[in-house]
$ cat query.txt   # compact mmCIF, C-alpha atoms
# COMPACT_ATOMS: atom_id res chain seq x y z
CA MET A 92 134.83 115.69 0.72
CA THR A 93 133.67 118.37 3.14
CA ARG A 94 135.66 118.33 6.34
CA ILE A 95 133.47 118.08 9.43
CA PRO A 96 135.13 119.89 12.39
CA LEU A 97 135.06 116.98 14.80
CA ARG A 98 138.38 117.80 16.37
CA PRO A 99 136.63 118.43 19.74
CA TRP A 100 136.37 114.62 20.21
CA LEU A 101 139.58 114.44 22.23
CA PRO A 102 139.66 118.01 23.58
CA ILE A 103 136.32 117.56 25.34
CA LEU A 104 137.92 114.66 27.20
CA MET A 105 141.11 116.53 27.99
CA ILE A 106 140.23 120.17 28.49
CA LEU A 107 139.75 120.09 32.27
CA LEU A 108 142.95 121.97 32.72
CA ALA A 109 145.23 121.43 35.65
CA GLY A 110 146.63 123.51 38.44
CA THR A 111 150.07 123.24 39.96
CA ALA A 112 150.55 120.08 41.95
CA SER A 113 153.25 118.98 44.37
CA ALA A 114 153.47 115.50 45.83
CA VAL A 115 149.76 114.95 45.22
CA THR A 116 148.79 111.75 47.06
CA PRO A 117 146.55 109.94 47.13
CA VAL A 118 144.94 110.42 43.73
CA PRO A 119 141.45 109.28 42.68
CA PHE A 120 142.77 107.13 39.83
CA GLY A 121 145.34 104.39 39.34
CA PRO A 122 146.66 101.79 36.92
CA GLY A 123 143.84 99.87 35.30
CA GLU A 124 141.28 102.68 35.33
CA GLU A 125 139.31 102.57 32.09
CA LEU A 126 136.58 105.00 31.05
CA ILE A 127 134.58 104.30 27.86
CA PHE A 128 132.36 106.99 26.31
CA SER A 129 129.71 106.98 23.64
CA VAL A 130 130.26 109.95 21.32
CA ASN A 131 127.26 111.56 19.59
CA TYR A 132 127.33 114.16 16.85
CA GLY A 133 123.96 115.80 17.32
CA PRO A 134 121.35 112.99 17.26
CA VAL A 135 123.74 110.56 15.53
CA ASN A 136 125.96 108.07 17.37
CA ALA A 137 129.38 108.71 15.86
CA GLY A 138 131.61 106.30 17.74
CA GLU A 139 133.50 105.73 20.96
CA ALA A 140 136.21 107.39 23.02
CA SER A 141 138.28 106.15 25.94
CA LEU A 142 140.51 107.34 28.76
CA VAL A 143 142.80 104.66 30.19
CA VAL A 144 145.49 104.64 32.89
CA LYS A 145 147.67 101.91 31.39
CA ASP A 146 150.37 101.49 34.03
CA VAL A 147 153.20 103.13 35.94
CA ILE A 148 156.39 103.25 33.87
CA ASP A 149 159.86 104.77 33.78
CA SER A 150 159.88 107.81 31.49
CA ASP A 151 163.23 109.58 31.09
CA GLY A 152 164.22 108.42 34.58
CA TYR A 153 160.97 109.43 36.30
CA ARG A 154 158.21 107.16 37.59
CA CYS A 155 155.15 108.18 35.61
CA TYR A 156 151.55 107.29 34.96
CA HIS A 157 151.14 106.17 31.36
CA VAL A 158 147.71 107.28 30.17
CA GLU A 159 146.09 107.05 26.76
CA SER A 160 143.07 108.69 25.19
CA THR A 161 141.54 107.36 21.98
CA ALA A 162 138.64 108.28 19.73
CA THR A 163 137.26 106.02 17.00
CA SER A 164 134.34 106.60 14.68
CA ASN A 165 131.98 103.68 14.14
CA ARG A 166 131.56 101.86 10.82
CA VAL A 167 128.55 103.88 9.66
CA PHE A 168 129.93 107.28 10.58
CA SER A 169 133.34 106.40 9.11
CA THR A 170 131.79 106.32 5.66
CA LEU A 171 131.28 110.07 6.05
CA TYR A 172 134.17 110.98 8.30
CA LYS A 173 136.72 108.53 9.65
CA VAL A 174 138.30 109.23 13.04
CA ARG A 175 141.26 107.33 14.49
CA ASP A 176 142.89 109.44 17.22
CA LYS A 177 145.35 108.48 19.93
CA VAL A 178 146.94 110.71 22.58
CA VAL A 179 149.53 109.55 25.13
CA SER A 180 150.84 111.27 28.26
CA HIS A 181 153.45 110.35 30.86
CA PHE A 182 153.16 112.41 34.03
CA ASP A 183 155.02 112.14 37.31
CA VAL A 184 153.42 109.97 40.01
CA ASP A 185 154.47 112.41 42.75
CA SER A 186 154.12 115.91 41.31
CA LEU A 187 151.88 115.02 38.32
CA VAL A 188 153.93 117.33 36.07
CA SER A 189 154.28 116.24 32.45
CA ARG A 190 157.34 114.38 31.18
CA TYR A 191 156.21 113.22 27.73
CA PHE A 192 153.28 113.80 25.41
CA SER A 193 152.37 112.52 21.96
CA LYS A 194 149.38 112.63 19.67
CA ARG A 195 148.53 110.87 16.43
CA LEU A 196 145.36 112.24 14.90
CA HIS A 197 143.56 110.97 11.81
CA GLU A 198 140.30 112.78 11.12
CA GLY A 199 138.90 112.61 7.61
CA ASP A 200 141.70 113.63 5.26
CA TRP A 201 143.52 115.54 8.01
CA ARG A 202 146.56 114.10 9.82
CA GLN A 203 148.74 115.34 12.66
CA ARG A 204 151.58 113.81 14.65
CA MET A 205 153.45 115.42 17.51
CA GLN A 206 155.84 114.46 20.30
CA ILE A 207 156.97 116.62 23.21
CA ARG A 208 159.38 115.95 26.07
CA PHE A 209 159.02 118.26 29.04
CA ASP A 210 162.16 119.38 30.86
CA GLN A 211 160.62 120.72 34.03
CA ASP A 212 163.99 121.75 35.52
CA ALA A 213 164.98 123.83 32.49
CA HIS A 214 161.36 124.97 31.94
CA LEU A 215 161.43 123.79 28.33
CA ALA A 216 159.12 121.85 26.04
CA ARG A 217 161.30 119.97 23.55
CA TYR A 218 159.59 118.92 20.34
CA ARG A 219 160.63 116.05 18.12
CA ASP A 220 161.17 118.51 15.25
CA GLY A 221 163.90 120.22 17.29
CA ARG A 222 161.93 123.21 18.51
CA GLU A 223 162.34 124.22 22.17
CA LEU A 224 159.85 126.50 23.88
CA GLU A 225 159.86 127.97 27.36
CA ILE A 226 157.16 126.75 29.73
CA ALA A 227 155.94 127.80 33.15
CA GLU A 228 156.96 126.01 36.31
CA ALA A 229 155.06 122.74 36.86
CA THR A 230 153.46 122.73 33.43
CA HIS A 231 151.07 119.98 32.36
CA ASP A 232 150.16 118.77 28.91
CA ILE A 233 146.51 118.80 27.94
CA LEU A 234 145.86 115.13 28.78
CA ALA A 235 147.77 115.07 32.07
CA SER A 236 145.89 118.18 33.16
CA PHE A 237 142.60 116.31 33.01
CA TYR A 238 143.84 113.87 35.64
CA VAL A 239 145.37 116.60 37.79
CA VAL A 240 142.10 118.52 38.02
CA ARG A 241 140.50 115.41 39.52
CA THR A 242 142.86 115.78 42.49
CA LEU A 243 141.95 119.41 43.19
CA PRO A 244 139.28 120.76 45.53
CA LEU A 245 136.46 121.88 43.26
CA VAL A 246 134.19 124.42 44.90
CA PRO A 247 131.22 126.09 43.19
CA GLY A 248 131.89 129.79 42.68
CA GLU A 249 135.65 129.49 43.22
CA PRO A 250 137.45 129.40 39.83
CA THR A 251 140.96 128.04 39.51
CA HIS A 252 143.47 129.63 37.15
CA VAL A 253 145.94 127.24 35.61
CA ALA A 254 148.76 127.04 33.07
CA THR A 255 149.29 124.42 30.38
CA HIS A 256 151.23 123.86 27.18
CA SER A 257 149.82 122.56 23.91
CA SER A 258 150.75 122.80 20.23
CA HIS A 259 153.72 125.17 20.64
CA LYS A 260 151.85 127.55 22.93
CA ASN A 261 151.44 128.29 26.63
CA TYR A 262 147.98 129.14 27.93
CA ASP A 263 146.33 130.65 30.95
CA LEU A 264 143.09 128.86 31.69
CA GLU A 265 140.33 129.05 34.20
CA VAL A 266 138.30 126.15 35.59
CA ILE A 267 134.86 127.28 36.75
CA VAL A 268 132.59 125.11 38.91
CA HIS A 269 129.02 126.22 38.25
CA GLY A 270 127.20 123.99 40.72
CA ARG A 271 125.82 120.50 41.24
CA GLU A 272 123.43 118.33 39.23
CA THR A 273 122.25 114.73 39.22
CA ILE A 274 122.40 113.19 35.75
CA GLU A 275 121.82 109.79 34.20
CA VAL A 276 124.04 108.30 31.50
CA PRO A 277 124.41 104.72 30.17
CA ALA A 278 126.84 103.90 33.00
CA GLY A 279 124.31 104.89 35.68
CA ARG A 280 122.95 107.79 37.73
CA PHE A 281 125.47 110.16 39.33
CA ASP A 282 125.57 113.25 41.54
CA CYS A 283 127.91 115.62 39.73
CA LEU A 284 129.80 118.89 39.79
CA VAL A 285 129.23 120.95 36.64
CA VAL A 286 132.57 122.27 35.39
CA GLU A 287 133.43 124.66 32.57
CA PRO A 288 137.00 125.20 31.36
CA VAL A 289 137.50 128.71 29.98
CA ILE A 290 140.43 129.72 27.81
CA ILE A 291 141.89 133.10 28.72
CA GLY A 292 143.20 134.83 25.61
CA GLU A 293 143.72 133.10 22.28
CA GLY A 294 141.69 129.96 21.58
CA LEU A 295 143.39 126.67 22.27
CA PHE A 296 141.53 124.46 19.80
CA GLN A 297 140.24 125.03 16.31
CA PHE A 298 136.62 125.36 17.26
CA ASP A 299 134.54 127.98 18.98
CA GLY A 300 132.05 126.90 21.58
CA LYS A 301 131.26 126.31 25.19
CA VAL A 302 132.45 123.09 26.81
CA THR A 303 130.71 121.69 29.89
CA ILE A 304 131.83 118.63 31.87
CA TRP A 305 130.02 116.71 34.61
CA LEU A 306 132.36 115.15 37.22
CA THR A 307 131.08 112.86 39.96
CA ASP A 308 130.77 114.74 43.23
CA ASP A 309 132.74 112.18 45.21
CA GLU A 310 136.33 111.10 45.76
CA ARG A 311 136.55 109.49 42.29
CA ARG A 312 135.82 112.65 40.26
CA LEU A 313 134.86 110.53 37.27
CA PRO A 314 133.85 112.43 34.12
CA VAL A 315 130.43 111.09 33.20
CA MET A 316 129.25 113.55 30.55
CA MET A 317 130.81 116.21 28.33
CA LYS A 318 129.07 118.58 25.95
CA THR A 319 130.41 121.10 23.47
CA LYS A 320 128.71 123.25 20.87
CA VAL A 321 130.43 123.95 17.57
CA LYS A 322 129.39 126.09 14.63
CA ILE A 323 127.52 123.33 12.82
CA GLY A 324 126.13 121.34 15.73
CA ALA A 325 126.94 119.73 19.05
CA ILE A 326 129.17 116.90 20.20
CA ASP A 327 128.34 114.98 23.36
CA ALA A 328 130.21 112.22 25.17
CA GLU A 329 128.47 110.05 27.78
CA LEU A 330 130.11 107.49 30.04
CA LYS A 331 128.82 104.05 29.13
CA SER A 332 131.18 101.85 31.19
CA PHE A 333 134.05 102.23 33.61
CA LYS A 334 136.56 100.18 35.54
CA LEU A 335 138.29 101.65 38.58
CA GLY A 336 142.06 101.45 38.87
CA ARG A 337 144.06 99.93 41.69
CA PRO A 338 145.67 102.18 44.33
CA LEU A 339 149.29 102.96 43.64
CA ARG A 340 151.63 101.18 46.04
CA GLU A 341 154.26 103.27 47.82
CA SER A 342 157.07 101.33 46.12
CA GLU A 343 155.71 102.25 42.68
CA GLY A 344 156.00 105.95 43.34
CA SER A 345 159.63 105.85 44.45
$ encode --input "query.txt" --output "structure tokens"
Amino acid sequence: MTRIPLRPWLPILMILLAGTASAVTPVPFGPGEELIFSVNYGPVNAGEASLVVKDVIDSDGYRCYHVESTATSNRVFSTLYKVRDKVVSHFDVDSLVSRYFSKRLHEGDWRQRMQIRFDQDAHLARYRDGRELEIAEATHDILASFYVVRTLPLVPGEPTHVATHSSHKNYDLEVIVHGRETIEVPAGRFDCLVVEPVIIGEGLFQFDGKVTIWLTDDERRLPVMMKTKVKIGAIDAELKSFKLGRPLRESEGS
């Protein structure tokens, strides 16, 4: 069966790359936050994706947010191309640096599993297969970086250069804020900042195309729409429901 390059499903939800962060409080998210997106492949509804802040947990001795991203094709689309993806990140509640990352991807006949533990003191990314790679100071995995960018001041015309680590590679990225727009999605009408993440150097994902994300222009910085163009079409994700998280208590971050 022909393999449809739908791998942007999760990247379009995670590609808002992060900057360095130190003792970032308060943050615009918290345990219990749940964002549900309708995913469309061109004019066809292909399924659903989610971003969820599950809880605050202990991860290798650090208090961390436990966040999960999933993507699931619907029954009709699965007859052509089945998607069952899950990505997990643990990142520090104070500095927001990554401590653990995993992904389990099932897209058509393609599979991938990966686990990484981040040793921020030694500046190493330690993979489950035994590989160790050097990383920059205060590195974030691709999912954690999405949440970090929501804490940053986003100003039109002032790009932010950031560093991240994904799939055995370190990357320099740039987050560009193009301006402001008001858009309407199933979850409602929102005033937004229009953001484009740009990869500097070698491509990060296995698709070529421009990615644009609309974040609410308020203290929540909720992603309400994401669009990416690939060689054989376009993939869009629109927020259809959301639940805000609870503020993190001081005792939970210590």
$ closest_residue --input "query.txt" --among "A:Lys177, A:Arg271, A:Arg217, A:Arg222" --to "A:Ser189" --atoms "all atoms listed in the file"
A:Arg217
$ atom_distance --input "query.txt" --atom1 "atom CA of A:His269" --atom2 "atom CA of A:Leu284"
7.5 Å
$ closest_atom_pairs --input "query.txt" --of "stretch 236-292 of chain A" --to "stretch 128-140 of chain A" --cutoff "10 Å" --atoms "all atoms listed in the file" --output "Markdown table"
| residue | atom | partner | partner_atom | distance |
| --- | --- | --- | --- | --- |
| A:Val276 | CA | A:Ser129 | CA | 9.8 |
| A:Pro277 | CA | A:Ser129 | CA | 8.7 |
| A:Ala278 | CA | A:Phe128 | CA | 9.2 |
$ write_last_selection --input "query.txt" --atoms "C-alpha atoms" --output "PDB file, keeping the file's coordinate frame"
ATOM      1  CA  VAL A 276     124.040 108.300  31.500  1.00  0.00           C
ATOM      2  CA  PRO A 277     124.410 104.720  30.170  1.00  0.00           C
ATOM      3  CA  ALA A 278     126.840 103.900  33.000  1.00  0.00           C
TER       4      ALA A 278
END
$ closest_residue --input "query.txt" --among "A:Leu171, A:Val302, A:Leu243, A:Met205" --to "A:Pro288" --atoms "all atoms listed in the file"
A:Val302
$ atom_distance --input "query.txt" --atom1 "atom CA of A:Pro250" --atom2 "atom CA of A:Glu265"
6.3 Å
$ atom_distance --input "query.txt" --atom1 "atom CA of A:Val118" --atom2 "atom CA of A:His252"
20.4 Å
$ closest_residue --input "query.txt" --among "A:Leu142, A:Leu196, A:Val246, A:Leu215" --to "A:Leu234" --atoms "only C-alpha atoms"
A:Leu142
$ residues_around --input "query.txt" --residues "A:Val178" --least-positions-apart "4" --cutoff "6 Å" --atoms "only C-alpha atoms" --output "CSV table (one decimal) with C-alpha atoms, in the coordinates of the input"
chain,number,residue,atom,x,y,z
A,159,GLU,CA,146.1,107.0,26.8
A,160,SER,CA,143.1,108.7,25.2
A,193,SER,CA,152.4,112.5,22.0
A,194,LYS,CA,149.4,112.6,19.7
$ axis_aligned_box --input "query.txt" --around "stretch 179-186 of chain A" --padding-each-side "8 Å" --output "lines of an AutoDock Vina configuration file"
center_x = 152.3
center_y = 112.7
center_z = 33.9
size_x = 21.5
size_y = 22.4
size_z = 33.6
$ residues_around --input "query.txt" --residues "A:Pro338" --least-positions-apart "6" --cutoff "8 Å" --atoms "only C-alpha atoms" --output "list in words"
Phe120, Gly121 and Pro122 of chain A
$ closest_residue --input "query.txt" --among "A:Arg202, A:Val188, A:Thr273, A:Asp210" --to "A:Ser236" --atoms "all atoms listed in the file"
A:Val188
$ residues_around --input "query.txt" --residues "A:Lys318" --least-positions-apart "4" --cutoff "9 Å" --atoms "only C-alpha atoms" --output "list in words"
Ile103, Lys301, Val302, Thr303, Ile304, Trp305, Ala325, Ile326, Asp327, Ala328 and Glu329 of chain A
$ closest_residue --input "query.txt" --among "A:His259, A:Pro314, A:Glu249, A:Asp308" --to "A:Asp220" --atoms "all atoms listed in the file"
A:His259
$ closest_residue --input "query.txt" --among "A:Arg166, A:Arg280, A:Arg190, A:Arg175" --to "A:Ser141" --atoms "all atoms listed in the file"
A:Arg175
$ decode --input "query.txt" --residues "stretch 299-321 of chain A" --atoms "N, CA and C atoms" --output "PDB file, in the first residue's frame"
ATOM      1  N   ASP A 299       8.786  18.373   3.654  1.00  0.00           N
ATOM      2  CA  ASP A 299       9.183  19.730   3.303  1.00  0.00           C
ATOM      3  C   ASP A 299       7.926  20.573   3.227  1.00  0.00           C
ATOM      4  N   GLY A 300       7.914  21.683   3.905  1.00  0.00           N
ATOM      5  CA  GLY A 300       6.748  22.548   3.844  1.00  0.00           C
ATOM      6  C   GLY A 300       6.757  23.570   4.949  1.00  0.00           C
ATOM      7  N   LYS A 301       5.939  24.558   4.763  1.00  0.00           N
ATOM      8  CA  LYS A 301       5.822  25.642   5.721  1.00  0.00           C
ATOM      9  C   LYS A 301       4.789  25.294   6.781  1.00  0.00           C
ATOM     10  N   VAL A 302       5.136  25.532   8.030  1.00  0.00           N
ATOM     11  CA  VAL A 302       4.228  25.289   9.151  1.00  0.00           C
ATOM     12  C   VAL A 302       3.844  26.633   9.766  1.00  0.00           C
ATOM     13  N   THR A 303       2.557  26.827   9.976  1.00  0.00           N
ATOM     14  CA  THR A 303       2.060  28.056  10.603  1.00  0.00           C
ATOM     15  C   THR A 303       1.155  27.683  11.762  1.00  0.00           C
ATOM     16  N   ILE A 304       1.329  28.369  12.894  1.00  0.00           N
ATOM     17  CA  ILE A 304       0.541  28.084  14.100  1.00  0.00           C
ATOM     18  C   ILE A 304      -0.085  29.376  14.607  1.00  0.00           C
ATOM     19  N   TRP A 305      -1.354  29.287  15.019  1.00  0.00           N
ATOM     20  CA  TRP A 305      -2.059  30.411  15.601  1.00  0.00           C
ATOM     21  C   TRP A 305      -2.198  30.181  17.107  1.00  0.00           C
ATOM     22  N   LEU A 306      -1.568  31.053  17.911  1.00  0.00           N
ATOM     23  CA  LEU A 306      -1.641  30.992  19.368  1.00  0.00           C
ATOM     24  C   LEU A 306      -2.504  32.142  19.874  1.00  0.00           C
ATOM     25  N   THR A 307      -3.334  31.875  20.877  1.00  0.00           N
ATOM     26  CA  THR A 307      -4.169  32.950  21.405  1.00  0.00           C
ATOM     27  C   THR A 307      -3.289  34.086  21.926  1.00  0.00           C
ATOM     28  N   ASP A 308      -3.696  35.299  21.620  1.00  0.00           N
ATOM     29  CA  ASP A 308      -2.935  36.488  22.011  1.00  0.00           C
ATOM     30  C   ASP A 308      -3.384  36.928  23.407  1.00  0.00           C
ATOM     31  N   ASP A 309      -3.184  36.040  24.369  1.00  0.00           N
ATOM     32  CA  ASP A 309      -3.514  36.326  25.760  1.00  0.00           C
ATOM     33  C   ASP A 309      -2.577  35.523  26.646  1.00  0.00           C
ATOM     34  N   GLU A 310      -2.833  35.519  27.938  1.00  0.00           N
ATOM     35  CA  GLU A 310      -1.928  34.854  28.864  1.00  0.00           C
ATOM     36  C   GLU A 310      -1.933  33.334  28.720  1.00  0.00           C
ATOM     37  N   ARG A 311      -2.935  32.767  28.064  1.00  0.00           N
ATOM     38  CA  ARG A 311      -3.018  31.306  27.936  1.00  0.00           C
ATOM     39  C   ARG A 311      -2.136  30.759  26.828  1.00  0.00           C
ATOM     40  N   ARG A 312      -1.947  31.533  25.750  1.00  0.00           N
ATOM     41  CA  ARG A 312      -1.164  31.103  24.592  1.00  0.00           C
ATOM     42  C   ARG A 312      -1.607  29.728  24.085  1.00  0.00           C
ATOM     43  N   LEU A 313      -2.910  29.539  23.980  1.00  0.00           N
ATOM     44  CA  LEU A 313      -3.428  28.265  23.493  1.00  0.00           C
ATOM     45  C   LEU A 313      -3.230  28.141  21.985  1.00  0.00           C
ATOM     46  N   PRO A 314      -2.760  27.007  21.489  1.00  0.00           N
ATOM     47  CA  PRO A 314      -2.713  26.792  20.045  1.00  0.00           C
ATOM     48  C   PRO A 314      -4.115  26.460  19.556  1.00  0.00           C
ATOM     49  N   VAL A 315      -4.630  27.238  18.630  1.00  0.00           N
ATOM     50  CA  VAL A 315      -5.999  27.001  18.168  1.00  0.00           C
ATOM     51  C   VAL A 315      -6.058  26.515  16.722  1.00  0.00           C
ATOM     52  N   MET A 316      -5.002  26.734  15.961  1.00  0.00           N
ATOM     53  CA  MET A 316      -4.977  26.222  14.591  1.00  0.00           C
ATOM     54  C   MET A 316      -3.535  26.051  14.143  1.00  0.00           C
ATOM     55  N   MET A 317      -3.295  24.987  13.378  1.00  0.00           N
ATOM     56  CA  MET A 317      -1.982  24.706  12.822  1.00  0.00           C
ATOM     57  C   MET A 317      -2.154  24.235  11.393  1.00  0.00           C
ATOM     58  N   LYS A 318      -1.323  24.722  10.506  1.00  0.00           N
ATOM     59  CA  LYS A 318      -1.396  24.351   9.099  1.00  0.00           C
ATOM     60  C   LYS A 318       0.003  24.031   8.589  1.00  0.00           C
ATOM     61  N   THR A 319       0.089  22.977   7.796  1.00  0.00           N
ATOM     62  CA  THR A 319       1.348  22.663   7.128  1.00  0.00           C
ATOM     63  C   THR A 319       1.065  22.143   5.734  1.00  0.00           C
ATOM     64  N   LYS A 320       1.903  22.521   4.792  1.00  0.00           N
ATOM     65  CA  LYS A 320       1.790  22.040   3.424  1.00  0.00           C
ATOM     66  C   LYS A 320       2.878  21.010   3.173  1.00  0.00           C
ATOM     67  N   VAL A 321       2.487  19.875   2.606  1.00  0.00           N
ATOM     68  CA  VAL A 321       3.425  18.834   2.228  1.00  0.00           C
ATOM     69  C   VAL A 321       3.330  18.636   0.722  1.00  0.00           C
TER      70      VAL A 321
END
